[in-house]
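entry.cif follows (mmCIF, C-alpha atoms and all ligand atoms):
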data_protein
#
loop_
_atom_site.label_atom_id
_atom_site.label_comp_id
_atom_site.auth_asym_id
_atom_site.auth_seq_id
_atom_site.Cartn_x
_atom_site.Cartn_y
_atom_site.Cartn_z
CA MET A 1 82.15 78.85 137.93
CA PHE A 2 84.37 81.76 138.81
CA LYS A 3 88.05 81.38 139.61
CA THR A 4 89.93 84.04 141.54
CA GLY A 5 93.64 84.49 141.00
CA ILE A 6 96.76 85.31 142.97
CA THR A 7 97.48 89.03 142.88
CA THR A 8 99.66 89.63 145.96
CA ILE A 9 103.12 88.39 146.85
CA GLU A 10 101.81 87.27 150.28
CA ASP A 11 99.26 84.97 148.61
CA LEU A 12 101.91 83.69 146.22
CA ARG A 13 104.22 82.76 149.12
CA ASP A 14 101.37 80.80 150.73
CA LYS A 15 101.27 77.52 148.78
CA SER A 16 97.86 76.63 150.23
CA LYS A 17 96.48 79.41 147.99
CA TRP A 18 97.96 78.03 144.76
CA ASN A 19 94.91 75.86 144.00
CA THR A 20 91.18 76.59 144.14
CA TRP A 21 89.45 75.30 147.22
CA LEU A 22 86.67 73.42 145.42
CA LEU A 23 88.13 71.59 142.40
CA LYS A 24 91.80 72.04 143.30
CA ARG A 25 92.46 73.74 139.96
CA SER A 26 95.54 75.92 139.86
CA ARG A 27 94.78 79.61 140.18
CA ASN A 28 95.99 82.14 137.64
CA VAL A 29 98.89 84.21 138.92
CA ALA A 30 99.37 87.89 138.04
CA ILE A 31 102.52 88.34 135.98
CA THR A 32 102.78 91.72 137.74
CA LEU A 33 104.22 89.76 140.70
CA TYR A 34 107.15 88.51 138.60
CA ASN A 35 109.57 91.33 139.49
CA GLU A 36 108.98 90.57 143.19
CA THR A 37 109.89 86.89 142.75
CA LEU A 38 113.30 87.35 141.18
CA ASN A 39 115.18 86.23 144.30
CA SER A 40 113.12 83.02 144.46
CA PRO A 41 113.49 80.67 141.46
CA GLU A 42 110.61 78.57 142.85
CA LEU A 43 108.17 81.49 142.93
CA SER A 44 109.21 82.89 139.55
CA GLU A 45 108.80 79.38 138.13
CA LYS A 46 105.28 79.33 139.59
CA VAL A 47 104.39 82.70 138.03
CA LEU A 48 105.64 81.56 134.61
CA ARG A 49 103.90 78.19 134.99
CA GLU A 50 100.52 79.90 134.89
CA PHE A 51 101.37 82.56 132.32
CA THR A 52 100.40 82.39 128.65
CA ASP A 53 101.15 84.84 125.86
CA ASP A 54 98.59 86.46 123.54
CA ARG A 55 98.21 83.18 121.57
CA GLY A 56 97.79 80.97 124.64
CA VAL A 57 101.34 79.56 124.55
CA TYR A 58 102.63 78.78 128.04
CA LYS A 59 105.85 80.37 129.35
CA ARG A 60 106.35 77.52 131.78
CA THR A 61 109.84 76.27 132.39
CA ALA A 62 111.83 74.61 135.19
CA ALA A 63 115.39 74.27 136.39
CA ASP A 64 116.99 70.86 135.61
CA ARG A 65 114.10 70.10 133.32
CA PHE A 66 115.94 67.78 130.92
CA ALA A 67 118.75 66.21 133.01
CA ALA A 68 118.85 62.75 131.35
CA PHE A 69 118.07 64.03 127.84
CA ASP A 70 120.83 66.66 128.14
CA ILE A 71 123.37 63.94 128.97
CA GLU A 72 122.49 62.10 125.76
CA ALA A 73 122.54 65.35 123.77
CA LEU A 74 126.02 66.18 125.09
CA LYS A 75 127.33 62.70 124.16
CA ILE A 76 126.03 63.18 120.60
CA ILE A 77 127.56 66.64 120.38
CA GLU A 78 130.91 65.17 121.46
CA LEU A 79 130.67 62.54 118.74
CA ASN A 80 129.68 65.02 116.04
CA PHE A 81 131.99 67.96 116.64
CA ALA A 82 135.76 68.02 117.08
CA GLN A 83 137.18 69.22 120.38
CA ASN A 84 138.73 72.33 118.80
CA GLU A 85 135.60 73.32 116.85
CA GLN A 86 134.16 76.64 118.02
CA LEU A 87 130.46 75.89 118.28
CA ALA A 88 127.61 78.27 117.51
CA VAL A 89 124.38 77.29 119.26
CA SER A 90 120.86 78.67 119.01
CA ASP A 91 118.52 77.76 121.88
CA VAL A 92 115.03 78.92 120.88
CA ALA A 93 111.84 79.48 122.89
CA VAL A 94 113.83 79.57 126.13
CA SER A 95 111.18 81.33 128.25
CA ASP A 96 113.15 82.91 131.15
CA GLY A 97 116.41 81.35 129.93
CA ARG A 98 117.09 79.05 132.89
CA THR A 99 117.20 75.87 130.80
CA ALA A 100 119.42 77.63 128.24
CA LEU A 101 121.89 78.71 130.91
CA ASP A 102 121.84 75.20 132.33
CA PHE A 103 122.71 73.66 128.93
CA PHE A 104 125.29 76.36 128.15
CA GLN A 105 127.13 75.55 131.39
CA LYS A 106 127.14 71.81 130.68
CA LEU A 107 128.26 72.27 127.07
CA ASP A 108 130.96 74.74 128.09
CA LYS A 109 132.66 71.95 130.08
CA ILE A 110 133.08 69.64 127.08
CA ARG A 111 133.31 71.81 123.96
CA LYS A 112 134.43 75.29 122.90
CA ILE A 113 131.46 77.64 122.51
CA ARG A 114 131.81 80.61 120.18
CA VAL A 115 128.21 81.81 120.41
CA TYR A 116 125.21 80.71 122.47
CA ASP A 117 122.09 82.57 121.36
CA ALA A 118 119.14 82.08 123.70
CA SER A 119 115.95 83.56 122.31
CA ASP A 120 112.22 83.72 122.85
CA TYR A 121 109.18 85.22 121.16
CA LEU A 122 108.20 87.20 124.26
CA CYS A 123 110.99 88.62 126.46
CA VAL A 124 109.38 91.62 128.07
CA VAL A 125 105.89 92.76 128.97
CA ASN A 126 104.65 96.08 130.35
CA ALA A 127 102.07 96.51 133.09
CA TYR A 128 99.92 99.67 133.05
CA GLU A 129 97.85 100.52 136.13
CA LYS A 130 94.95 102.95 136.32
CA ASP A 131 92.00 103.09 138.73
CA GLY A 132 92.66 99.61 140.13
CA VAL A 133 92.85 97.91 136.71
CA THR A 134 96.20 96.67 135.46
CA ALA A 135 96.62 95.78 131.81
CA VAL A 136 99.63 93.66 130.89
CA ALA A 137 100.71 94.05 127.27
CA GLY A 138 103.37 92.36 125.17
CA ASN A 139 104.02 92.41 121.43
CA ASN A 140 101.38 95.18 121.22
CA LYS A 141 98.60 92.96 122.58
CA ILE A 142 96.80 92.77 125.93
CA ILE A 143 97.91 89.53 127.52
CA GLN A 144 96.47 89.75 131.01
CA ILE A 145 94.11 91.99 132.98
CA VAL A 146 94.45 92.16 136.76
CA TRP A 147 91.56 93.58 138.77
CA LYS A 148 91.00 93.03 142.52
CA LYS A 149 91.46 89.25 143.02
CA CYS A 150 90.98 88.43 139.34
CA VAL A 151 93.70 87.50 136.87
CA LEU A 152 92.14 87.31 133.44
CA SER A 153 93.60 86.25 130.15
CA LYS A 154 92.16 85.37 126.81
CA LYS A 155 93.53 81.84 126.78
CA ARG A 156 92.43 79.73 123.85
CA LYS A 157 89.57 77.50 124.90
CA THR A 158 90.73 73.91 125.01
CA SER A 159 87.37 72.24 125.41
CA PHE A 160 83.73 73.14 125.94
CA ILE A 161 83.93 72.13 129.63
CA VAL A 162 86.94 74.35 130.25
CA PHE A 163 85.19 77.16 128.40
CA ALA A 164 81.98 76.70 130.38
CA LEU A 165 83.88 76.72 133.68
CA ASN A 166 85.58 79.94 132.70
CA VAL A 167 82.55 81.75 131.34
CA VAL A 168 82.44 84.34 134.15
CA ASN A 169 86.15 85.03 133.66
CA TYR A 170 85.55 85.50 129.93
CA MET A 171 82.68 87.94 130.55
CA LEU A 172 84.77 89.90 133.05
CA TYR A 173 87.66 90.00 130.59
CA TYR A 174 85.53 91.63 127.92
CA PHE A 175 83.85 93.96 130.45
CA LEU A 176 87.28 95.15 131.69
CA THR A 177 88.91 95.46 128.27
CA PRO A 178 87.93 99.16 127.70
CA LYS A 179 89.34 100.03 131.16
CA ALA A 180 92.50 98.07 130.36
CA LYS A 181 92.91 99.99 127.09
CA ARG A 182 92.57 103.26 129.01
CA ALA A 183 95.21 102.06 131.49
CA ILE A 184 97.59 101.42 128.57
CA GLU A 185 97.03 104.95 127.29
CA GLU A 186 97.07 106.83 130.59
CA GLY A 187 98.26 104.51 133.36
CA LYS A 188 101.51 104.07 135.28
CA LYS A 189 103.90 101.81 133.37
CA THR A 190 106.11 99.09 134.87
CA GLU A 191 108.44 97.01 132.72
CA ILE A 192 108.67 93.27 133.44
CA LYS A 193 111.66 91.51 131.90
CA LEU A 194 110.89 87.83 131.60
CA PHE A 195 114.46 86.51 131.57
CA CYS A 196 115.63 85.21 134.95
CA PRO A 197 118.36 87.08 136.87
CA SER A 198 121.00 84.34 136.47
CA ALA A 199 120.57 84.29 132.68
CA LEU A 200 120.59 88.11 132.50
CA LEU A 201 123.75 88.24 134.62
CA LYS A 202 125.47 85.64 132.45
CA SER A 203 124.59 87.60 129.30
CA LYS A 204 126.26 90.69 130.83
CA GLN A 205 129.37 88.84 131.98
CA ASP A 206 130.00 86.46 129.09
CA ASP A 207 130.02 87.76 125.50
CA ARG A 208 129.27 84.30 124.17
CA PHE A 209 125.86 84.03 125.91
CA SER A 210 123.17 86.34 124.47
CA LEU A 211 119.49 86.74 125.22
CA PHE A 212 117.16 88.26 122.67
CA GLU A 213 113.78 88.15 120.99
CA HIS A 214 113.29 85.79 118.07
CA ASN A 215 110.17 84.30 116.57
CA ILE A 216 110.91 80.87 115.09
CA LEU A 217 108.35 81.57 112.36
CA GLU A 218 110.87 84.11 111.04
CA PRO A 219 114.21 83.19 109.40
CA PHE A 220 117.32 83.18 111.60
CA ILE A 221 119.96 85.76 110.83
CA SER A 222 122.93 83.53 111.74
CA ARG A 223 124.15 80.02 111.08
CA TYR A 224 124.51 77.49 113.88
CA HIS A 225 126.07 74.09 114.49
CA ILE A 226 123.26 73.27 116.91
CA ILE A 227 119.64 74.40 117.23
CA ARG A 228 117.86 73.42 120.40
CA ALA A 229 114.07 73.72 120.57
CA MET A 230 112.58 72.39 123.80
CA ASN A 231 108.87 72.33 124.65
CA ILE A 232 107.91 74.37 121.63
CA LEU A 233 107.31 71.99 118.68
CA ASN A 234 103.86 71.27 119.97
CA PHE A 235 100.68 70.83 117.91
CA SER A 236 98.67 72.94 120.31
CA TYR A 237 100.94 75.90 119.49
CA PHE A 238 101.37 75.72 115.70
CA ASN A 239 99.57 74.27 112.69
CA VAL A 240 101.17 72.13 109.99
CA ALA A 241 101.84 75.08 107.65
CA GLN A 242 103.58 76.93 110.49
CA PHE A 243 105.64 73.84 111.35
CA GLU A 244 106.76 73.65 107.73
CA THR A 245 107.99 77.25 107.99
CA ILE A 246 109.71 76.55 111.31
CA ILE A 247 111.46 73.42 110.02
CA ASP A 248 112.54 75.31 106.88
CA ASN A 249 114.00 78.03 109.10
CA PHE A 250 115.85 75.47 111.22
CA TYR A 251 117.22 73.75 108.13
CA ALA A 252 118.38 76.98 106.51
CA SER A 253 120.10 78.12 109.68
CA LEU A 254 121.95 74.88 110.47
CA SER A 255 125.40 74.36 109.03
CA ASP A 256 126.01 71.11 107.11
CA GLY A 257 125.97 68.21 109.57
CA GLY A 258 124.44 70.48 112.21
CA LEU A 259 122.20 69.08 114.94
CA LEU A 260 118.56 69.81 115.74
CA ILE A 261 117.83 68.91 119.36
CA THR A 262 114.14 68.93 120.21
CA GLY A 263 111.77 67.47 122.75
CA SER A 264 108.93 68.06 125.15
CA ASN A 265 108.23 66.98 128.69
CA GLN A 266 106.29 68.00 131.77
CA ASP A 267 107.97 68.70 135.10
CA ALA A 268 111.70 68.78 135.78
CA GLY A 269 113.24 65.35 135.25
CA SER A 270 110.20 63.81 133.53
CA ILE A 271 110.70 61.76 130.37
CA VAL A 272 111.42 63.84 127.30
CA ASN A 273 109.59 62.82 124.17
CA GLY A 274 112.19 64.08 121.78
CA ALA A 275 114.89 63.43 119.27
CA ILE A 276 118.17 64.61 117.83
CA TYR A 277 118.45 65.05 114.08
CA LYS A 278 121.44 65.70 111.88
CA LYS A 279 121.15 67.99 108.87
CA THR A 280 121.85 66.10 105.64
CA LYS A 281 121.96 67.31 102.02
CA ASN A 282 118.27 66.53 101.59
CA GLY A 283 116.69 66.87 105.00
CA PHE A 284 117.19 65.48 108.50
CA GLU A 285 118.53 62.13 109.69
CA LEU A 286 117.30 60.77 113.02
CA ILE A 287 120.28 59.94 115.23
CA TYR A 288 118.72 59.64 118.67
CA GLU A 289 115.21 59.24 120.01
CA SER A 290 113.91 59.57 123.57
CA GLY A 291 110.49 58.48 124.88
CA GLU A 292 107.96 58.63 122.06
CA GLY A 293 110.16 60.86 119.91
CA SER A 294 109.38 64.37 118.73
CA ALA A 295 105.68 65.24 118.34
CA THR A 296 106.65 66.57 114.90
CA LYS A 297 108.74 63.56 113.85
CA GLY A 298 106.61 62.95 110.72
CA LEU A 299 107.18 66.51 109.53
CA ILE A 300 110.90 66.55 110.35
CA GLU A 301 111.69 63.10 108.96
CA ASN A 302 109.73 63.71 105.74
CA TYR A 303 111.15 67.17 105.27
CA ALA A 304 112.64 67.61 101.83
CA ALA A 305 115.17 70.39 101.65
CA LYS A 306 114.45 73.12 99.13
CA SER A 307 117.17 73.26 96.48
CA ALA A 308 117.89 76.92 97.27
CA ILE A 309 119.03 76.10 100.76
CA THR A 310 120.91 72.84 100.20
CA LYS A 311 123.98 74.62 98.90
CA GLY A 312 125.56 74.56 102.34
CA ASP A 313 127.69 77.18 104.02
C1 LIG G 1 106.55 75.95 127.31
S1 LIG G 1 107.73 77.25 127.16
C2 LIG G 1 109.24 76.32 127.02
C3 LIG G 1 110.40 76.99 127.69
C4 LIG G 1 111.72 76.21 127.70
N1 LIG G 1 112.19 75.90 126.36
C5 LIG G 1 111.54 74.93 128.48
O1 LIG G 1 111.45 73.88 127.85
O2 LIG G 1 111.48 74.98 129.72
C6 LIG G 1 107.42 77.76 125.49
C7 LIG G 1 108.16 79.05 125.12
O3 LIG G 1 108.04 79.23 123.72
C8 LIG G 1 107.95 80.62 123.46
N2 LIG G 1 107.39 80.79 122.12
C9 LIG G 1 106.11 80.67 121.74
N3 LIG G 1 105.98 80.90 120.44
C10 LIG G 1 107.22 81.15 119.96
C11 LIG G 1 107.73 81.47 118.68
N4 LIG G 1 106.93 81.56 117.62
N5 LIG G 1 109.05 81.70 118.57
C12 LIG G 1 109.87 81.61 119.64
N6 LIG G 1 109.43 81.30 120.88
C13 LIG G 1 108.13 81.08 121.04
C14 LIG G 1 107.06 81.12 124.59
O4 LIG G 1 107.19 82.51 124.76
C15 LIG G 1 107.57 80.29 125.76
O5 LIG G 1 108.58 80.99 126.44
#
Translate the structure described by the file into structure tokens.
Ligand SMILES: C[S@@+](CC[C@H](N)C(=O)[O-])C[C@H]1O[C@@H](n2cnc3c(N)ncnc32)[C@H](O)[C@@H]1O
Amino acid sequence: MFKTGITTIEDLRDKSKWNTWLLKRSRNVAITLYNETLNSPELSEKVLREFTDDRGVYKRTAADRFAAFDIEALKIIELNFAQNEQLAVSDVAVSDGRTALDFFQKLDKIRKIRVYDASDYLCVVNAYEKDGVTAVAGNNKIIQIVWKKCVLSKKRKTSFIVFALNVVNYMLYYFLTPKAKRAIEEGKKTEIKLFCPSALLKSKQDDRFSLFEHNILEPFISRYHIIRAMNILNFSYFNVAQFETIIDNFYASLSDGGLLITGSNQDAGSIVNGAIYKKTKNGFELIYESGEGSATKGLIENYAAKSAITKGD
């Protein structure tokens, strides 16, 4: 089975084109349309919903995604930090930053914020066009190839059925890869910043709110009172060894008594399976759980701090 994608802004505006006619599966959307959607949060959300990076991790995000969970998180922050404490917050894997800005604005009403670092592994991609083939590259890898009505990406195969359905797309992807490489070398380049305009504007106007690239598999360079990691601690994204590295990095970067806020959900307002943990001398203490808890609760709750990083601030 062959699935065409959405490659023009006119088709993107027409919601009847969002799903395939036969099986009603959602069509891939060219990330090259992203710059044209910046005045429409709904359309940019749609583009990101279908977009995966080079490892198959989704960029999807949504405004007001965690309304009820955020309320609980803010109550716990109020209980854990004094009113005059100047908080440093790291919000990781923020995609276009809309959920980070949302939480920043809510937190700003109840506590003093010194720093709010919103980061993601992939913040910008470049599109290179030559002879009708557009290669989209990020972190030095081809992420998407756009050709005529096709939007092709090397998503990880989730099951044999999904793989079988996509076999034509896979073959086209490999057929077009040499042309895509030539486009990267010789084609016309367009930069696509993946942060949303409201988050970018806030980062220009407010010194406390920063947007930058950070891979949570790498150590943090600062210390934080709060680390927030939403829709990223997911077993389809990382293996156990990688989670151990990530949790080590969180632990090392949190100040004593700092909070780890984490959870996953689907659409805006859906139940968050998540939790809030407090850093202790030896690991993490669960202080709040929502839905089924964090997917990585076993790893977080059994985490034993390494002696080298238990010395505190
Ligand atoms: C499903 S989105 C979640 C976005 C946002 N936190 C939310 O909940 O709406 C996952 C995000 O994690 C980012 N990501 C993937 N691997 C990462 C890594 N190793 N370090 C930091 N961010 C990562 C992706 O680029 C993507 O923006």
Legend entry - Residues within 10 Å of Ile143 of chain A, only C-alpha atoms, excluding chain neighbours under 3 positions, as an MDAnalysis selection string: chainID A and resid 31 51:56 125:127 135:140 152:155
Test item: residues no farther than 6 Å from ligand LIG 1 (chain G), counting all atoms listed in the file, as a PDB file with C-alpha atoms, in the coordinates of the input:
ATOM      1  CA  VAL A  57     101.340  79.560 124.550  1.00  0.00           C
ATOM      2  CA  TYR A  58     102.630  78.780 128.040  1.00  0.00           C
ATOM      3  CA  LYS A  59     105.850  80.370 129.350  1.00  0.00           C
ATOM      4  CA  ARG A  60     106.350  77.520 131.780  1.00  0.00           C
ATOM      5  CA  THR A  61     109.840  76.270 132.390  1.00  0.00           C
ATOM      6  CA  ALA A  62     111.830  74.610 135.190  1.00  0.00           C
ATOM      7  CA  VAL A  92     115.030  78.920 120.880  1.00  0.00           C
ATOM      8  CA  ALA A  93     111.840  79.480 122.890  1.00  0.00           C
ATOM      9  CA  VAL A  94     113.830  79.570 126.130  1.00  0.00           C
ATOM     10  CA  SER A  95     111.180  81.330 128.250  1.00  0.00           C
ATOM     11  CA  THR A  99     117.200  75.870 130.800  1.00  0.00           C
ATOM     12  CA  ASP A 120     112.220  83.720 122.850  1.00  0.00           C
ATOM     13  CA  TYR A 121     109.180  85.220 121.160  1.00  0.00           C
ATOM     14  CA  LEU A 122     108.200  87.200 124.260  1.00  0.00           C
ATOM     15  CA  HIS A 214     113.290  85.790 118.070  1.00  0.00           C
ATOM     16  CA  ASN A 215     110.170  84.300 116.570  1.00  0.00           C
ATOM     17  CA  ILE A 216     110.910  80.870 115.090  1.00  0.00           C
ATOM     18  CA  LEU A 217     108.350  81.570 112.360  1.00  0.00           C
ATOM     19  CA  MET A 230     112.580  72.390 123.800  1.00  0.00           C
ATOM     20  CA  ASN A 231     108.870  72.330 124.650  1.00  0.00           C
ATOM     21  CA  ILE A 232     107.910  74.370 121.630  1.00  0.00           C
TER      22      ILE A 232
END
Legend entry - Residues within 10 Å of Leu74 of chain A, only C-alpha atoms, excluding chain neighbours under 5 positions, as a PyMOL selection string: chain A and resi 69+79-80+103+106-107+110-111
Legend entry - Atom pair atom CA of Lys15 of chain A / atom CA of Ser264 of chain A: separation (Å):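 These two atoms are separated by 26.6 Å.
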Inset, instruction - Tell me, as JSON, numbers by chain, which residues lie within 10 Å of Ser222 of chain A, counting all atoms listed in the file; anything in the same chain fewer than 5 positions away does not count. - result: {"A": [88, 89, 90, 117, 252, 253, 254, 255]}
